[in-house]
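> Take a look at the following structure, please.
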Amino acid sequence: MLCVLPPFRRKAMGHSPRVLLCGSSLLMAAACLPAMPQAVAASPVVASSHLVSFNIPSQSLGQALVALGEQGGMQIAFDSAAVAGMTSGAVIGRMTAEQALSAVLRGTGIGYRQVGASSVALVRPPSGIALRPVRVEGNAERSRKELEDERWAERISVFGLSRRAGLVPKNSSAATKTDTPLIETPESVSVVTRAQLDQQNARTIAEALRYNAGVSGDVASGYTTRFDMVEIRGFQGAAGADEFVDNLRLFNGAYYATQQIDPYLLDRIDILKGPPSVLYGQSNPGGAIVLTTKQPLATPVHSVSVEGGTYGYVRGTADFGGRIDRDGRWLYRVAATATTSGTQDLHTRNERVGVLPSLTWTPSDRLTMTVSAFWQHDPRGGNFDTAPLQGTILPNPNGRISTHFYPGDTSFESYNRTQTAVNYHLDYRFAPNWTFRSMARYANVGAFFRQVSSGGMLDDDNRTLEREAYASKEHFDTVTVEEQILGHFHTGAVKHDVIIGGNWQNIRDSANLYAGDAPALDVFSPSYGVAVDGLSEITAQGITTNQEGVYAEDQMSWGRLHVQGGVRHDWSRIDTRDVLDDGGFNQTDQATTWRGGILYAFDMGLSPYFHYAESFQPTNSLSFDGTPFKPTRGRQFEVGLKYQPRNFNGFFTVALYDLKQSHVLTTDPEHLDFNIQTGGIRSRGVEVEAHVDLTRNLNIIAAYTYQDVAYTRGSGDLTGERPTSVPKQTFSVWGHYDLHNGPLSGLGFGAGVRYNGNTLVDNTLEYVTPSYTLVDAQAQYALDSVLPRLKGMLFQVTAQNLLNKRYYPGCASADTGCYIGANRNVIGKVTYTW
């Protein structure tokens with residue numbers, strides 16, 4: 001039994017967290033139960049005469065089913081534990097989906113049956129008696145045995161990734177850290193699939209989340225790529241919502257150094273709504289964004305693309321992967337992206353190079369290890385600044401400030417960030433129904449920037465902007481380790497999916513901040529290239545953070561009733577050293593958080609649920625009298641309804657929630673440069689989201705959010721008021737239509753509409769940003785429709801803010817101004833896949 005321990009021991013923390021981390025693994029190992037009996041029947045019920053080209057070598061059955069779903073554009077539901085250790089048959093050549101699936105399953109003793117127009121579920125009889133093939137129609141009455149088969153099968157959904165497949169999510173491994181169907185998950189989760197990222201050509205995380213309920217990426221500058229400023233249910237951290245990559249946290253430094261990953265290197269994005277602390281530790285109560293990177297596959301991956309567009313935007317990408325050896329014991333994948341672009345301000349640039357190589361080794365059917373590395377360099381990060389209120393959201397007698405306004409100075413502006421990371425992920429099935437999982441990451445981030453920024457509102461002449469100069473030099477290293485035991489067993493008629501885990505994470509941050517004066521700027525006739533006086537160092541800090549936690553969760557199923565219960569305990573220590581003043585302080589906290597849910601999955605596809613969750617987040621600062629603040633705490637009650645139709649491909653969710661955060665910092669009325677901790681924030685709302693294939697040609701994504709967010713009692717003058725940059729309502733709809741027949745076969749086109757309600761400028765409650773509605777569009781053409789020799793060549797055009805609407809997504813404050821929204825962006829892209 002493996003047990004990974006932190007590389008050093010901190011006396012103040014004691015031994016208990018690490019003892020629990022290893023002891024829980026030993027206890028779970030002792031609880032192993034026998035494997036489930038194998039199935040033997042096959043039921044050929046996929047009815048389709050359409051021929052598809054398949055290239056699936058013999059390999060592990062789970063990987064073969066993934067490949068079959070991708071190449072055949074079909075959805076396959078199966079239990080990962082039940083197919084572990086099995087080998088598939090080879091499928092090479094043109095054939096129907098029925099023939100391919102039968103060949104993959106040949107000799108495994110597992111059958112399947114059709115549950116939708118393009119979806120099947122693997123089934124197994126409870127004994128070794130072979131059953132006759134049974135055809136089941138979508139609305140036919142099903143037997144008890146068939147219902148048991150379906151409950152066994154619908155543990156994992158694998159989706160085909162053809163041009164328009166995979167836009168309707170059916171499962172999430174992020175919500176429970178196990179592969180669980182969304183229809184059986186008693187909490188609100190939104191998913192952005194790789195197919196959606198490609199179709200909308202999302203270039204940032206904020207762009208990728210524009211068509212989801214409960215989440216907003218338009219809370220800051222509309223055209224910078226420097227930060228992922230995302231808000232979930234009215235909450236965001238200093239650099240946006242908490243993000244996790246492959247289940248391990250992405251850290252932010254104390255000031256401007258942040259971890260960030262380019263969306264091209266991702267396979268999917270899961271948005272967890274509500275406190276995620278039980279499984280993910282110390283986090284924002286609004287939710288978390290879980291990013292899954294591209295991983296090695298047995299199915300060959302070969303794709304390159306080139307794109308270009310507005311403001312001199314140029315980008316190239318490449319994605320290669322597949323088998324290294326004939327048996328598929330070694331798999332590899334390398335995804336890379338490179339971007340250079342001017343920006344809307346016409347003075348700064350965005351530049352990025354990123355690469356993600358990974359290698360998977362499967363020496364046996366019981367052990368799999370993946371090692372990956374990540375390197376991303378942003379030598380330029382555009383402009384992350386604001387424009388004054390007068391001339392943006394307020395009238396100005398001199399006219400409106402241009403959407404190309406640049407408040408900085410090119411002779412001084414600088415931004416440079418480099419990120420490096422090494423990761424490993426190990427899965428070891430030490431018993432038929434029990435798996436040990438270990439993962440770790442070391443990351444290094446260095447960031448340097450200089451910027452001339454708005455220093456206040458315009459002078460009395462309504463055109464002169466006072467400015468200040470800032471600089472930051474920051475570097476941090478992080479180590480994160482997590483271990484889990486996953487098990488599946490029965491106690492009578494109740495089926496249990498259990499996860500017990502523990503994690504340790506350490507971040508060592510060094511930050512230096514500088515400030516100084518800068519010449520004023522005429523916003524209507526700017527002059528650049530002026531000298532900026534020397535800056536003075538105002539902060540020099542070293543911060544070391546250790547966080548440890550252990551958790552356990554049980555997902556129980558009794559027929560169609562699903563119950564979830566989880567608990568976690570966290571320890572945190574933050575050591576802050578002030579180099580300039582030769583001082584500092586230490587802050588030690590710990591907390592227990594809980595979550596639980598209940599869901600009933602009706603046969604008709606409806607699943608009502610209830611969910612309760614808590615969060616815990618340390619606060620690293622001091623009050624006026626030098627006392628460290630308590631951690632903020634969050635708790636949420638949520639009820640909802642999910643619907644997964646039986647007769648067409650779709651997924652619908654409705655969620656109502658009540659979320660509160662306590663111990664929120666607000667300004668000390670007697671010492672304005674300090675905070676007090678008597679306030680709170682309450683968020684209540686309703687979210688509606690739909691992903692649906694209305695026909696074989698048309699798919700729709702729609703989302704609506706209403707959120708009532710306000711400061712609670714104890715927040716002084718802010719009590720009852722809405723926080724800044726939080727819209728009350730958002731609405732979005734995206735539709736895409738493909739033509740499969742006729743003279744225009746191969747053509748596809750889509751359009752989207754996004755509405756954001758108004759937001760407060762700052763806590764003075766005097767100004768609001770106007771609400772706005774934006775239109776996006778997309779068109780694509782598969783060139784092999786007219787020239788078969790160009791098979792795999794796809795031409796695509798996307799347009800964001802098609803009508804070139806002037807808007808302001810949010811404001812920093814009345815003094816420092818508002819962010820300018822992105823103008824129309826048009827991008828042409830050519831992709832070749834083989």
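In the structure tokens, chains take letters A, B, ... by order of appearance, with residues numbered from 1 within each chain and ligands from 1 in the order shown.
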Each residue of segment 399-419 of chain A with at least one atom at most 7 Å from segment 340-364 of chain A should appear once, together with its nearest atom pair and the corresponding distance in Å (one decimal); atoms considered: only C-alpha atoms; ordering: chain, then increasing residue number; output as JSON lines.

```
{"residue": "A:His404", "atom": "CA", "partner": "A:Asp345", "partner_atom": "CA", "distance": 4.2}
{"residue": "A:Phe405", "atom": "CA", "partner": "A:Asp345", "partner_atom": "CA", "distance": 5.6}
{"residue": "A:Tyr406", "atom": "CA", "partner": "A:Asp345", "partner_atom": "CA", "distance": 5.3}
{"residue": "A:Thr410", "atom": "CA", "partner": "A:His347", "partner_atom": "CA", "distance": 6.7}
```
> Considering only C-alpha atoms, return as a JSON list (two decimals) with N, CA, C and O atoms, in the first residue's frame whatever protein or nucleic-acid residues lie within 7 Å of Phe610 of chain A, sequence-local ones (same chain, fewer than 2 positions apart) excluded.

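The result, written out as result.json:
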```json
[["chain", "number", "residue", "atom", "x", "y", "z"],
["A", 186, "PRO", "N", -26.85, 15.00, -6.48],
["A", 186, "PRO", "CA", -27.76, 15.93, -5.80],
["A", 186, "PRO", "C", -27.14, 17.29, -5.53],
["A", 186, "PRO", "O", -27.08, 17.76, -4.39],
["A", 597, "GLY", "N", -26.77, 15.37, 0.64],
["A", 597, "GLY", "CA", -27.80, 15.56, -0.37],
["A", 597, "GLY", "C", -28.64, 14.32, -0.53],
["A", 597, "GLY", "O", -28.23, 13.21, -0.17],
["A", 598, "ILE", "N", -29.82, 14.51, -1.09],
["A", 598, "ILE", "CA", -30.72, 13.40, -1.36],
["A", 598, "ILE", "C", -31.41, 13.66, -2.69],
["A", 598, "ILE", "O", -31.78, 14.80, -3.00],
["A", 599, "LEU", "N", -31.52, 12.62, -3.50],
["A", 599, "LEU", "CA", -32.09, 12.73, -4.84],
["A", 599, "LEU", "C", -32.87, 11.46, -5.15],
["A", 599, "LEU", "O", -32.46, 10.36, -4.78],
["A", 638, "GLU", "N", -29.92, 24.12, -0.92],
["A", 638, "GLU", "CA", -30.30, 24.15, -2.33],
["A", 638, "GLU", "C", -31.32, 23.04, -2.62],
["A", 638, "GLU", "O", -31.19, 21.92, -2.13],
["A", 639, "VAL", "N", -32.34, 23.40, -3.38],
["A", 639, "VAL", "CA", -33.28, 22.40, -3.90],
["A", 639, "VAL", "C", -33.31, 22.57, -5.42],
["A", 639, "VAL", "O", -33.08, 23.67, -5.95],
["A", 640, "GLY", "N", -33.54, 21.47, -6.11],
["A", 640, "GLY", "CA", -33.51, 21.56, -7.57],
["A", 640, "GLY", "C", -34.21, 20.39, -8.23],
["A", 640, "GLY", "O", -34.67, 19.44, -7.58]]
```
> Given the choices A:Val786, A:Ala213, A:Ala257, A:Leu656, which gets closest to Ala690 of chain A if the distance is worked out from only C-alpha atoms?
A:Ala213
> Report the residues of segment 628-680 of chain A whose backbone DSSP state falls under strand (DSSP E or B), written as number ranges by chain.
A: 628, 632-643, 650-668, 671-680
> Smallest atom-to-atom distance to Leu105 of chain A: which of A:Leu122, A:Val301, A:Tyr772, A:Ile676, using only C-alpha atoms?
A:Leu122
